[in-house]
$ cat input.csv   # CSV, C-alpha atoms
chain,number,residue,atom,x,y,z
Z,1,MET,CA,8.1,18.1,-14.9
Z,2,GLN,CA,4.8,19.9,-14.3
Z,3,GLU,CA,4.9,23.4,-13.1
Z,4,SER,CA,2.1,25.4,-11.4
Z,5,THR,CA,-0.5,22.7,-12.1
Z,6,PRO,CA,-3.2,22.5,-9.6
Z,7,LEU,CA,-4.0,18.8,-10.1
Z,8,THR,CA,-6.9,17.2,-8.4
Z,9,TRP,CA,-6.3,14.4,-5.9
Z,10,GLU,CA,-7.7,11.9,-8.4
Z,11,GLU,CA,-5.3,13.1,-11.1
Z,12,VAL,CA,-2.3,12.9,-8.8
Z,13,ALA,CA,-3.3,9.4,-7.8
Z,14,ARG,CA,-3.8,8.3,-11.4
Z,15,VAL,CA,-0.7,10.0,-12.9
Z,16,TYR,CA,1.8,9.5,-10.1
Z,17,GLY,CA,0.4,6.5,-8.2
Z,18,ARG,CA,2.5,4.0,-10.0
Z,19,LYS,CA,5.7,6.1,-9.7
Z,20,ILE,CA,5.1,6.6,-6.0
Z,21,TYR,CA,4.6,2.9,-5.5
Z,22,ASN,CA,7.8,2.0,-7.4
Z,23,PHE,CA,9.7,4.6,-5.4
Z,24,ALA,CA,8.2,3.3,-2.1
Z,25,TYR,CA,8.9,-0.3,-3.0
Z,26,ARG,CA,12.5,0.2,-3.9
Z,27,LEU,CA,13.0,2.4,-0.9
Z,28,THR,CA,11.4,-0.1,1.6
Z,29,GLY,CA,12.1,-3.3,-0.2
Z,30,ASN,CA,8.8,-4.9,0.6
Z,31,PRO,CA,5.2,-4.6,-0.8
Z,32,ASP,CA,3.5,-4.1,2.6
Z,33,ASP,CA,5.5,-1.1,3.6
Z,34,ALA,CA,5.3,0.2,0.1
Z,35,HIS,CA,1.5,-0.1,0.2
Z,36,ASP,CA,1.3,1.7,3.6
Z,37,LEU,CA,3.6,4.4,2.4
Z,38,VAL,CA,1.6,5.1,-0.8
Z,39,GLN,CA,-1.6,5.4,1.2
Z,40,GLU,CA,0.1,7.8,3.6
Z,41,VAL,CA,1.5,9.8,0.7
Z,42,LEU,CA,-1.9,10.1,-1.0
Z,43,LEU,CA,-3.5,11.1,2.3
Z,44,ARG,CA,-0.9,13.9,2.7
Z,45,VAL,CA,-1.3,14.9,-0.9
Z,46,ARG,CA,-5.0,15.3,-0.4
Z,47,ARG,CA,-4.5,17.5,2.7
Z,48,GLY,CA,-1.7,19.4,1.0
Z,49,LEU,CA,-3.3,20.2,-2.3
Z,50,ALA,CA,-5.6,22.7,-0.7
Z,51,ASN,CA,-2.6,24.8,0.3
Z,52,TYR,CA,-0.3,23.9,-2.6
Z,53,GLN,CA,1.6,26.9,-3.8
Z,54,PRO,CA,2.4,27.0,-7.6
Z,55,GLY,CA,5.9,25.8,-8.2
Z,56,SER,CA,7.6,22.5,-8.9
Z,57,PHE,CA,4.8,20.0,-8.4
Z,58,GLU,CA,7.2,17.0,-8.6
Z,59,GLY,CA,9.5,18.6,-6.1
Z,60,TRP,CA,6.6,19.1,-3.7
Z,61,LEU,CA,5.2,15.6,-4.3
Z,62,TRP,CA,8.5,13.8,-3.8
Z,63,ARG,CA,9.3,15.9,-0.7
Z,64,ILE,CA,6.0,14.7,0.7
Z,65,THR,CA,6.9,11.1,-0.2
Z,66,ARG,CA,10.3,11.1,1.3
Z,67,ASN,CA,9.1,12.9,4.4
Z,68,ALA,CA,6.3,10.3,4.8
Z,69,PHE,CA,9.0,7.6,4.5
Z,70,LEU,CA,11.3,9.3,7.0
Z,71,ASP,CA,8.4,9.7,9.5
Z,72,GLU,CA,7.5,6.1,9.2
Z,73,ILE,CA,11.1,5.1,10.0
Z,74,ARG,CA,11.1,7.4,13.0
Z,75,LYS,CA,7.8,6.0,14.2
Z,76,LYS,CA,8.3,2.4,13.7
Z,77,LYS,CA,12.1,2.2,13.8
Z,78,ARG,CA,11.8,-0.8,11.6
Z,79,ARG,CA,14.9,0.0,9.7
Z,80,PRO,CA,17.6,1.9,11.6
Z,81,THR,CA,19.1,4.6,9.5
Z,82,ALA,CA,22.7,4.1,8.7
Z,83,PRO,CA,24.7,7.2,9.3
Z,84,LEU,CA,26.4,8.9,6.4
Z,85,PRO,CA,30.0,7.9,6.2
Z,86,ASP,CA,32.4,10.7,6.9
Z,87,GLU,CA,34.5,9.8,4.0
Z,88,VAL,CA,34.2,7.3,1.3
Z,89,ASP,CA,37.2,5.6,-0.2
Z,90,ARG,CA,36.9,7.1,-3.6
Z,91,TRP,CA,39.7,5.1,-5.1
Z,92,GLY,CA,38.9,1.8,-3.4
Z,93,LEU,CA,37.5,0.2,-6.5
Z,94,ALA,CA,40.1,-2.5,-6.9
Z,95,LYS,CA,39.0,-4.6,-9.8
Z,96,THR,CA,39.5,-8.3,-9.3
Z,97,GLU,CA,37.2,-9.3,-12.1
Z,98,SER,CA,35.6,-7.5,-15.0
Z,99,ALA,CA,32.3,-5.7,-14.6
Z,100,ASP,CA,30.8,-8.0,-17.3
Z,101,GLU,CA,31.8,-11.0,-15.3
Z,102,ILE,CA,30.2,-9.6,-12.2
Z,103,TYR,CA,27.0,-8.8,-13.8
Z,104,ASP,CA,26.8,-12.1,-15.7
Z,105,ARG,CA,27.0,-14.1,-12.5
Z,106,ILE,CA,24.5,-12.3,-10.4
Z,107,ASN,CA,20.7,-12.3,-10.3
Z,108,LEU,CA,20.3,-8.7,-11.1
Z,109,GLY,CA,16.8,-8.0,-9.7
Z,110,ASP,CA,17.2,-9.4,-6.2
Z,111,ASP,CA,20.8,-8.4,-5.8
Z,112,ILE,CA,20.2,-4.8,-6.9
Z,113,GLN,CA,17.3,-4.4,-4.6
Z,114,LYS,CA,19.5,-5.8,-1.7
Z,115,ALA,CA,22.3,-3.5,-2.7
Z,116,LEU,CA,19.9,-0.5,-2.6
Z,117,LEU,CA,18.6,-1.4,0.8
Z,118,GLU,CA,22.2,-1.5,2.1
Z,119,LEU,CA,22.7,2.1,1.2
Z,120,PRO,CA,22.3,4.9,3.8
Z,121,ILE,CA,18.8,6.3,3.3
Z,122,GLU,CA,20.1,9.6,1.9
Z,123,PHE,CA,22.0,7.8,-0.8
Z,124,ARG,CA,19.3,5.3,-1.4
Z,125,GLU,CA,16.6,7.9,-2.0
Z,126,ALA,CA,18.9,9.9,-4.3
Z,127,VAL,CA,19.7,6.9,-6.4
Z,128,ILE,CA,16.1,5.7,-6.6
Z,129,LEU,CA,14.7,9.2,-7.4
Z,130,CYS,CA,17.3,9.4,-10.2
Z,131,ASP,CA,17.4,5.9,-11.7
Z,132,VAL,CA,13.9,4.6,-10.9
Z,133,VAL,CA,11.7,7.7,-10.8
Z,134,GLY,CA,13.7,9.6,-13.4
Z,135,LEU,CA,14.0,12.9,-11.7
Z,136,SER,CA,16.6,15.5,-12.6
Z,137,TYR,CA,19.3,16.5,-10.0
Z,138,GLU,CA,17.4,19.8,-9.5
Z,139,GLU,CA,14.2,18.0,-8.7
Z,140,ILE,CA,15.9,15.6,-6.3
Z,141,ALA,CA,17.5,18.6,-4.6
Z,142,GLN,CA,14.1,20.2,-4.2
Z,143,ALA,CA,12.6,17.0,-2.8
Z,144,ALA,CA,15.4,16.5,-0.4
Z,145,SER,CA,15.9,20.2,0.4
Z,146,VAL,CA,19.6,20.0,-0.2
Z,147,PRO,CA,21.9,21.7,-2.8
Z,148,ILE,CA,22.4,20.1,-6.2
Z,149,GLY,CA,26.1,19.4,-5.3
Z,150,THR,CA,24.9,17.2,-2.4
Z,151,VAL,CA,22.6,15.3,-4.8
Z,152,ARG,CA,25.5,14.8,-7.2
Z,153,SER,CA,27.7,13.5,-4.4
Z,154,ARG,CA,25.1,11.2,-2.9
Z,155,ILE,CA,24.2,9.6,-6.3
Z,156,HIS,CA,27.8,9.0,-7.2
Z,157,ARG,CA,28.8,7.7,-3.8
Z,158,GLY,CA,25.6,5.5,-3.6
Z,159,ARG,CA,26.5,3.9,-7.0
Z,160,LYS,CA,30.0,3.3,-5.8
Z,161,MET,CA,28.7,1.6,-2.7
Z,162,MET,CA,26.4,-0.5,-4.8
Z,163,ARG,CA,29.2,-1.5,-7.1
Z,164,GLU,CA,31.0,-2.8,-4.0
Z,165,SER,CA,27.9,-4.7,-2.8
Z,166,LEU,CA,27.5,-6.3,-6.1
Z,167,SER,CA,31.1,-7.3,-6.6
O,168,MET,CA,46.6,14.0,-9.8
O,169,THR,CA,43.1,15.1,-8.8
O,170,HIS,CA,40.4,12.7,-10.0
O,171,PRO,CA,37.1,14.4,-10.7
O,172,SER,CA,35.3,11.3,-9.5
O,173,GLU,CA,31.9,12.9,-8.8
O,174,LEU,CA,31.7,14.3,-12.2
O,175,ILE,CA,31.4,10.7,-13.6
O,176,SER,CA,27.9,10.0,-12.4
O,177,ALA,CA,26.8,13.5,-13.3
O,178,TYR,CA,28.2,13.0,-16.8
O,179,LEU,CA,26.2,9.8,-17.2
O,180,ASP,CA,23.1,11.5,-16.0
O,181,GLY,CA,23.6,14.5,-18.4
O,182,GLU,CA,24.0,16.8,-15.4
O,183,LEU,CA,27.3,18.4,-16.0
O,184,VAL,CA,27.4,22.1,-16.3
O,185,GLY,CA,29.8,24.7,-17.9
O,186,ASP,CA,33.1,23.3,-18.9
O,187,GLU,CA,32.9,20.3,-16.5
O,188,GLN,CA,32.3,17.9,-19.4
O,189,SER,CA,35.4,18.9,-21.4
O,190,GLN,CA,37.4,18.8,-18.1
O,191,LEU,CA,36.2,15.3,-17.5
O,192,MET,CA,36.8,14.1,-21.0
O,193,GLN,CA,40.3,15.4,-20.9
O,194,HIS,CA,40.9,13.6,-17.6
O,195,LEU,CA,39.5,10.3,-18.8
O,196,GLY,CA,41.8,10.3,-21.8
O,197,GLY,CA,44.8,10.0,-19.5
O,198,CYS,CA,43.4,8.2,-16.4
O,199,GLY,CA,42.7,4.5,-16.6
O,200,LYS,CA,41.3,4.4,-13.1
O,201,CYS,CA,38.6,7.0,-13.8
O,202,SER,CA,37.9,5.3,-17.2
O,203,ALA,CA,37.3,2.0,-15.3
O,204,GLU,CA,35.1,3.8,-12.8
O,205,LEU,CA,33.1,5.3,-15.6
O,206,ASP,CA,32.4,1.8,-16.9
O,207,ASP,CA,31.5,0.6,-13.4
O,208,MET,CA,29.1,3.5,-12.8
O,209,GLN,CA,27.5,3.0,-16.2
O,210,ARG,CA,26.8,-0.6,-15.3
O,211,VAL,CA,25.4,0.1,-11.9
O,212,ARG,CA,23.3,2.9,-13.3
O,213,SER,CA,21.9,0.6,-16.1
O,214,ALA,CA,21.3,-2.2,-13.6
O,215,VAL,CA,19.1,0.0,-11.3
O,216,ARG,CA,17.3,1.4,-14.3
O,217,SER,CA,16.6,-2.2,-15.5
O,218,LEU,CA,14.6,-3.0,-12.4
O,219,PRO,CA,11.1,-3.9,-13.5
O,220,ILE,CA,8.4,-1.3,-13.2
O,221,LEU,CA,5.9,-2.6,-10.7
O,222,GLU,CA,2.2,-2.1,-11.2
O,223,LEU,CA,0.1,-0.6,-8.5
O,224,PRO,CA,-1.6,-3.3,-6.4
O,225,GLU,CA,-5.3,-3.5,-7.2
O,226,GLY,CA,-7.5,-1.4,-4.9
O,227,LEU,CA,-4.6,0.7,-3.4
O,228,ILE,CA,-5.9,3.9,-4.9
O,229,SER,CA,-9.5,3.3,-4.0
O,230,GLU,CA,-8.5,2.5,-0.4
O,231,ALA,CA,-6.9,5.9,-0.1
O,232,ASP,CA,-9.8,7.6,-2.0
O,233,PRO,CA,-10.9,10.7,-0.2
O,234,VAL,CA,-14.5,9.9,-1.1
O,235,VAL,CA,-14.3,6.5,0.6
O,236,VAL,CA,-12.1,7.3,3.6
O,237,PRO,CA,-14.4,9.8,5.2
O,238,LEU,CA,-17.3,7.3,4.9
O,239,ARG,CA,-15.3,4.8,6.8
O,240,ARG,CA,-14.4,7.3,9.4
O,241,ASN,CA,-18.0,8.5,9.7
O,242,ARG,CA,-19.2,4.9,10.3
O,243,GLY,CA,-17.0,4.9,13.4
O,244,VAL,CA,-18.5,8.2,14.5
O,245,TRP,CA,-22.1,6.8,14.1
O,246,VAL,CA,-21.3,3.7,16.0
O,247,GLY,CA,-19.9,5.7,18.8
O,248,ALA,CA,-22.9,8.0,18.9
O,249,ALA,CA,-25.3,5.1,19.0
O,250,ALA,CA,-23.4,3.5,21.9
O,251,ALA,CA,-23.5,6.8,23.7
O,252,VAL,CA,-27.3,7.1,23.3
O,253,VAL,CA,-27.8,3.5,24.5
O,254,ALA,CA,-25.7,4.2,27.6
O,255,LEU,CA,-27.7,7.4,28.2
O,256,VAL,CA,-31.0,5.5,28.0
O,257,ILE,CA,-29.8,2.9,30.4
O,258,ALA,CA,-28.6,5.5,32.8
O,259,VAL,CA,-31.9,7.4,32.8
O,260,ALA,CA,-33.9,4.2,33.2
O,261,ALA,CA,-31.8,3.4,36.2
O,262,LEU,CA,-32.5,6.8,37.7
O,263,VAL,CA,-36.3,6.8,37.3
O,264,THR,CA,-36.9,3.2,38.3
O,265,PRO,CA,-37.8,3.0,42.0
O,266,PRO,CA,-35.7,0.6,44.0
O,267,PRO,CA,-37.5,-2.7,44.7
O,268,SER,CA,-39.3,-2.8,48.0
O,269,ALA,CA,-39.0,-5.7,50.4
O,270,VAL,CA,-41.3,-8.5,49.3
O,271,SER,CA,-42.3,-11.3,51.6
O,272,VAL,CA,-42.4,-15.0,50.5
O,273,ASP,CA,-46.2,-15.0,50.9
O,274,ASP,CA,-46.4,-12.0,48.6
O,275,LEU,CA,-44.3,-13.7,46.0
O,276,SER,CA,-46.5,-16.8,46.3
O,277,SER,CA,-49.7,-14.7,45.8
O,278,ARG,CA,-48.2,-13.0,42.8
O,279,PHE,CA,-47.1,-16.2,41.2
O,280,GLY,CA,-50.4,-17.8,42.0
O,281,ALA,CA,-52.3,-14.9,40.4
O,282,ARG,CA,-50.3,-15.2,37.3
O,283,VAL,CA,-50.9,-18.9,37.1
O,284,SER,CA,-54.6,-18.4,37.4
O,285,LEU,CA,-54.7,-15.6,34.9
O,286,ASP,CA,-52.5,-17.1,32.3
O,287,PRO,CA,-54.2,-19.9,30.5
O,288,ALA,CA,-51.0,-21.0,29.0
O,289,PHE,CA,-49.9,-22.2,32.3
O,290,GLY,CA,-53.0,-24.3,32.9
O,291,PRO,CA,-53.7,-25.8,36.2
O,292,ALA,CA,-50.8,-26.4,38.3
O,293,LYS,CA,-49.7,-30.0,38.1
O,294,ILE,CA,-47.2,-31.8,40.0
O,295,VAL,CA,-45.5,-34.7,38.3
O,296,VAL,CA,-43.9,-37.2,40.5
O,297,PRO,CA,-41.5,-39.5,38.6
O,298,GLU,CA,-41.9,-43.1,39.1
O,299,ILE,CA,-39.2,-44.6,41.4
O,300,ALA,CA,-37.6,-47.7,40.1
O,301,VAL,CA,-37.3,-50.3,42.8
O,302,ILE,CA,-34.2,-52.3,42.6
O,303,THR,CA,-34.5,-55.8,43.9
O,304,GLU,CA,-31.6,-58.1,44.4

$ encode --input "input.csv" --output "structure tokens"
Amino acid sequence: MQESTPLTWEEVARVYGRKIYNFAYRLTGNPDDAHDLVQEVLLRVRRGLANYQPGSFEGWLWRITRNAFLDEIRKKKRRPTAPLPDEVDRWGLAKTESADEIYDRINLGDDIQKALLELPIEFREAVILCDVVGLSYEEIAQAASVPIGTVRSRIHRGRKMMRESLS
Amino acid sequence: MTHPSELISAYLDGELVGDEQSQLMQHLGGCGKCSAELDDMQRVRSAVRSLPILELPEGLISEADPVVVPLRRNRGVWVGAAAAVVALVIAVAALVTPPPSAVSVDDLSSRFGARVSLDPAFGPAKIVVPEIAVITE
């Protein structure tokens, strides 16, 4: 995590471009939307760097990225946001077959991407920021402007939903 | 029994604080359900982390390059300015050009004739009458 680092636009693009693209791709599920999202993020980074206040650079960067994604959703309404469930059945993980059996019989890449896309956006972004981008819970909390406890809950509930999708 | 379910993912991610870890370990020792959930969460977590890292599409960064983008935008500005200048010239020309006066057929004929006589390229006026085929039965 970089702190108080006034990177140039070129450095941000070079250092974080691939991460942003992977986040965008897993979030949107297709290369065209990911391409557009990365361009929009880099444009916003360029505008934002002039006024960047020293702090958690990654928190700032990922906040820009997720906001760009949410704005795109609002504008295009391509992918309606699924509402957060009021309550998740925490103990509904009835195991009818072993986890090894499940993961042996599925095509991991496609099925995992599909399971990610089925998650509510708030859960999806938390899981992707954690497991794809590699952010800490604190960084995810800064990016999403929510308490760490909410991040913890979203990640766990998101993984449980994925487990249900993949079974 | 209270199941500290949400501690499981945080444990896997190394995000437990204080005595949460010992609390979870103690619970897992006596709870098969949470132990099974720990296994499930571990597998889902590993699966997402095993997704391939994608390379940036070629040219994506340069397309968003601030050095290039303004040029593209300026090109649009220049095209617009040029179009505005052309429109202005046309408008001024229309204003300063007097409207055509009434011209008689004779006047047109004399003008045309003068041109023919002055322009050697036209040469003498010549009327070509095509031969008419006569069809006989």

$ residues_around --input "input.csv" --residues "Leu135 (chain Z)" --least-positions-apart "6" --cutoff "10 Å" --atoms "only C-alpha atoms" --output "compact mmCIF listing (two decimals) with C-alpha atoms, in the coordinates of the input"
# COMPACT_ATOMS: atom_id res chain seq x y z
CA MET Z 1 8.10 18.10 -14.90
CA GLU Z 58 7.20 17.00 -8.60
CA GLY Z 59 9.50 18.60 -6.10
CA TRP Z 62 8.50 13.80 -3.80
CA ALA Z 126 18.90 9.90 -4.30
CA VAL Z 127 19.70 6.90 -6.40
CA ILE Z 128 16.10 5.70 -6.60
CA LEU Z 129 14.70 9.20 -7.40
CA ALA Z 141 17.50 18.60 -4.60
CA ALA Z 143 12.60 17.00 -2.80

$ interface_residues --input "input.csv" --of "chain Z" --to "chain O" --cutoff "7 Å" --atoms "all atoms listed in the file" --output "ChimeraX atom specification"
/Z:13,18,21-22,39,42-43,99,109,112,131-132,152-153,156,159,163

$ atom_distance --input "input.csv" --atom1 "CA of Lys114 (chain Z)" --atom2 "CA of Arg26 (chain Z)"
9.5 Å

$ atom_distance --input "input.csv" --atom1 "CA of Leu195 (chain O)" --atom2 "CA of Arg157 (chain Z)"
18.6 Å

$ residues_around --input "input.csv" --residues "Phe123 (chain Z)" --least-positions-apart "4" --cutoff "7 Å" --atoms "all atoms listed in the file" --output "list in words"
Leu119, Val127, Arg154, Ile155 and Gly158 of chain Z

$ atom_distance --input "input.csv" --atom1 "CA of Phe57 (chain Z)" --atom2 "CA of Asp32 (chain Z)"
26.5 Å

$ closest_residue --input "input.csv" --among "Z:Pro6, Z:Asp110, Z:Val15, Z:Ala144" --to "Asn51 (chain Z)" --atoms "only C-alpha atoms"
Z:Pro6
